[in-house]
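Peer 1: What follows is a single structure, and I will ask about it in a moment.
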There are 2 protein chains.
Amino acid sequence: MAPYLHESIPSQEIDRQKALYGPLAESVRGLVDATIRTEVDDDEIRAATAEIEAITARLRTRQIEGSYGVRFNSIGETRPWGNAVVGLRNAVAPPLVIEHDPTGRAWSEFHLGAAYEGPPGLVHGGVSALILDQLLGEAAGAGGKPGMTGTLTLRYRRGTPLGRLRAEAHIARVEGVKTYAVGHLSDADGLTVEAEGVFILPQWARAAFEERQRQSAPSRFE
Amino acid sequence: MAPYLHESIPSQEIDRQKALYGPLAESVRGLVDATIRTEVDDDEIRAATAEIEAITARLRTRQIEGSYGVRFNSIGETRPWGNAVVGLRNAVAPPLVIEHDPTGRAWSEFHLGAAYEGPPGLVHGGVSALILDQLLGEAAGAGGKPGMTGTLTLRYRRGTPLGRLRAEAHIARVEGVKTYAVGHLSDADGLTVEAEGVFILPQWARAAFEERQRQSAPSRFE
């Protein structure tokens with residue numbers, strides 16, 4: 001497993017990187033959407049394909065090995081920038097900006113477009129699961145005890161339309177290394193999907209977690 | 001809800017579209033990966049961002065309204081090309097190529113890279129859920145009774161490493177409009193995540209489903 005990477009960089013440098021990589025990933029999100037929806041001529045499609053390959057080749061002239069991982073600095077700022085739900089640099093991620101409070105609540109409002117479709121016009125059932133897994137995990141982390149998903153159960157009450165949505169989660173109870181979290185996804189008309197999950201502080205992280213009482217360390221694992 | 005769109009187009013035209021849009025989406029998948037991993041100079045990042053925005057603007061000069069939907073033709077070929085797991089035109093999708101058999105089994109082998117990360121070096125727990133939702137749904141559809149997800153339960157046995165993976169699912173039993181499916185995700189060392197789900201033939205689709213005994217119609221809903 002790739003390590004949680006500690007980097008000694010100040011907040012100012014993190015802000016600089018956000019201002020650089022945020023717009024890059026955002027431009028790629030626009031391109032993902034356009035790739036699904038475009039109806040321009042075949043020649044235009046072929047030209048775009050070649051140009052995209054050329055840009056990718058330039059970006060790859062210097063790149064990290066493997067995946068981004070989760071990085072954090074000395075004041076505990078975490079950068080899960082490759083994360084599939086919240087990753088600033090990941091165009092697969094909408095990305096969600098998730099708010100927390102220390103009582104173990106997490107919530108987010110966001111928009112899902114054409115790239116998140118399952119049934120026509122509706123959010124893919126698995127995308128709802130993906131988002132709720134992240135929200136429940138962040139609620140567990142916000143409550144002070146982060147964990148990896150042990151079990152996750154989703155109940156689909158009705159189809160979730162693509163568009164503006166809200167997700168929220170909170171801690172139901174904590175038993176030792178296990179945190180039980182519940183949450184739901186909703187649109188303007190109310191609840192669409194309910195979720196409950198168990199998040200387990202991994203064995204290898206338990207010593208680090210105790211250390212965290214004294215020092216900075218990641219407050220979430222995904 | 002957007003309709004399931006019937007288009008009277010021959011297989012040959014579908015093949016032509018695959019050869020055009022497949023490489024476009026594939027180039028965007030490469031760009032998504034490079035966006036996460038690049039370490040080139042700031043000026044190069046800014047130049048890439050501007051060029052990507054320009055390509056997107058050109059692709060958007062003519063585009064469909066909203067999402068792609070699910071399209072099918074007179075011989076029952078289904079094109080869920082915007083789908084978040086299997087969509088040929090969707091760069092959020094790995095995409096999975098899923099095999100089926102008529103007894104209600106579905107399976108797929110695929111690679112997940114940096115864009116599907118949760119914990120460092122591991123597949124996001126929600127991405128595992130996303131993929132298993134699709135596999136279980138396709139098993140239900142392969143058995144002759146497609147459906148939308150009613151409930152889905154995931155049990156995470158250990159972390160799933162990014163890289164080469166396999167997912168498979170089969171029908172456990174059918175009760176009227178409900179199909180119970182089970183499946184799992186595995187790497188070279190064996191099982192990592194187990195799933196079970198209930199897939200429900202939607203009310204609005206029941207008449208269409210009976211009609212399908214005689215004619216072509218979509219064999220899956222997501």
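In the structure tokens, chains take letters A, B, ... by order of appearance, with residues numbered from 1 within each chain and ligands from 1 in the order shown.
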Need to verify the contact set: range 34-45 of chain B, 8 Å, only C-alpha atoms, exclusion of same-chain residues closer than 4 positions in sequence. Can you return it as a PyMOL selection string?

Peer 2: (chain A and resi 20-21+24-25+56+59-68+81-82+89-91) or (chain B and resi 30+49+114-115)

Peer 1: Find the residues around range 179-193 of chain B up to 7 Å (only C-alpha atoms counted), leave out those fewer than 5 positions away in its own chain, and share them as a PyMOL selection string.

Peer 2: chain B and resi 132+136+139-140+154-160+164-174+198-200

Peer 1: Using only C-alpha atoms, find the one residue out of B:Ile98, B:Val28, B:Ala205, B:Ile9 that sits nearest to chain A.

Peer 2: B:Val28

Peer 1: Would you please give, as a PDB file with C-alpha atoms, in the first residue's frame, all residues of range 75-138 of chain A that DSSP assigns to strand (DSSP E or B) based on the backbone?

Peer 2:
```
ATOM      1  CA  THR A  78      -4.953  16.811   4.077  1.00  0.00           C
ATOM      2  CA  ARG A  79      -4.810  16.645   0.291  1.00  0.00           C
ATOM      3  CA  ASN A  83      -9.758  10.779  -4.575  1.00  0.00           C
ATOM      4  CA  GLU A  99     -18.487  20.293   5.090  1.00  0.00           C
ATOM      5  CA  HIS A 100     -18.016  18.736   8.539  1.00  0.00           C
ATOM      6  CA  ASP A 101     -18.650  19.478  12.154  1.00  0.00           C
ATOM      7  CA  ARG A 105     -21.833  15.353  10.728  1.00  0.00           C
ATOM      8  CA  ALA A 106     -20.857  15.768   7.072  1.00  0.00           C
ATOM      9  CA  TRP A 107     -22.840  17.315   4.228  1.00  0.00           C
ATOM     10  CA  SER A 108     -22.430  18.550   0.667  1.00  0.00           C
ATOM     11  CA  GLU A 109     -24.426  20.171  -2.124  1.00  0.00           C
ATOM     12  CA  PHE A 110     -23.309  19.454  -5.656  1.00  0.00           C
ATOM     13  CA  HIS A 111     -24.349  19.002  -9.282  1.00  0.00           C
ATOM     14  CA  LEU A 112     -24.171  15.735 -11.231  1.00  0.00           C
ATOM     15  CA  GLU A 117     -25.836   8.652 -15.655  1.00  0.00           C
ATOM     16  CA  LEU A 122     -31.041   9.434 -13.627  1.00  0.00           C
ATOM     17  CA  VAL A 123     -27.934   9.131 -11.466  1.00  0.00           C
TER      18      VAL A 123
END
```

Peer 1: Taking the DSSP secondary structure from the backbone, can you list the residues of chain B that are alpha helix (DSSP H), as an MDAnalysis selection string?

Peer 2: chainID B and resid 11:37 42:59 125:142 206:212

Peer 1: Can you measure CA of Tyr4 in chain A to CA of Phe72 in chain A for me? One decimal in Å is fine.

Peer 2: 7.6 Å

Peer 1: Which of these, A:Gly141, A:Pro23, A:Gly125, A:Pro161, has the shortest distance to Leu88 in chain A once you count only C-alpha atoms?

Peer 2: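 Using only C-alpha atoms, Leu88 in chain A sits closest to A:Pro23.
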
Peer 1: With distances taken over only C-alpha atoms, which of B:Val127, B:Leu5, B:Ile14, B:Val177 is nearest to Ala84 in chain A?

Peer 2: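 Of all the options, B:Val127 lies closest to Ala84 in chain A.
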
Peer 1: Which is closer to chain A than all the others in B:Leu201, B:Ala142, B:Ile75, B:Ile131, using only C-alpha atoms?

Peer 2: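 Going through B:Leu201, B:Ala142, B:Ile75, B:Ile131 one by one, the smallest distance to chain A is for B:Ile131.
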
Peer 1: Smallest atom-to-atom distance to Thr103 in chain B: which of B:Pro120, B:Gly197, B:Gly143, B:Gly150, using only C-alpha atoms?

Peer 2: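 Checking each candidate against Thr103 in chain B, we get B:Gly143 as the closest.
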
Peer 1: Would you mind reading off the distance between CA of Val92 in chain A and CA of Arg58 in chain B, one decimal, in Å?

Peer 2: 21.6 Å

Peer 1: To one decimal place, how far is CA of Pro202 in chain B from CA of Val86 in chain B in Å?

Peer 2: 21.1 Å

Peer 1: Between A:Glu138, A:Glu77, A:Glu26, A:Glu175, which residue has the minimum interatomic distance to chain B, considering only C-alpha atoms?

Peer 2: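 Ranking A:Glu138, A:Glu77, A:Glu26, A:Glu175 by distance to chain B, first place goes to A:Glu26.
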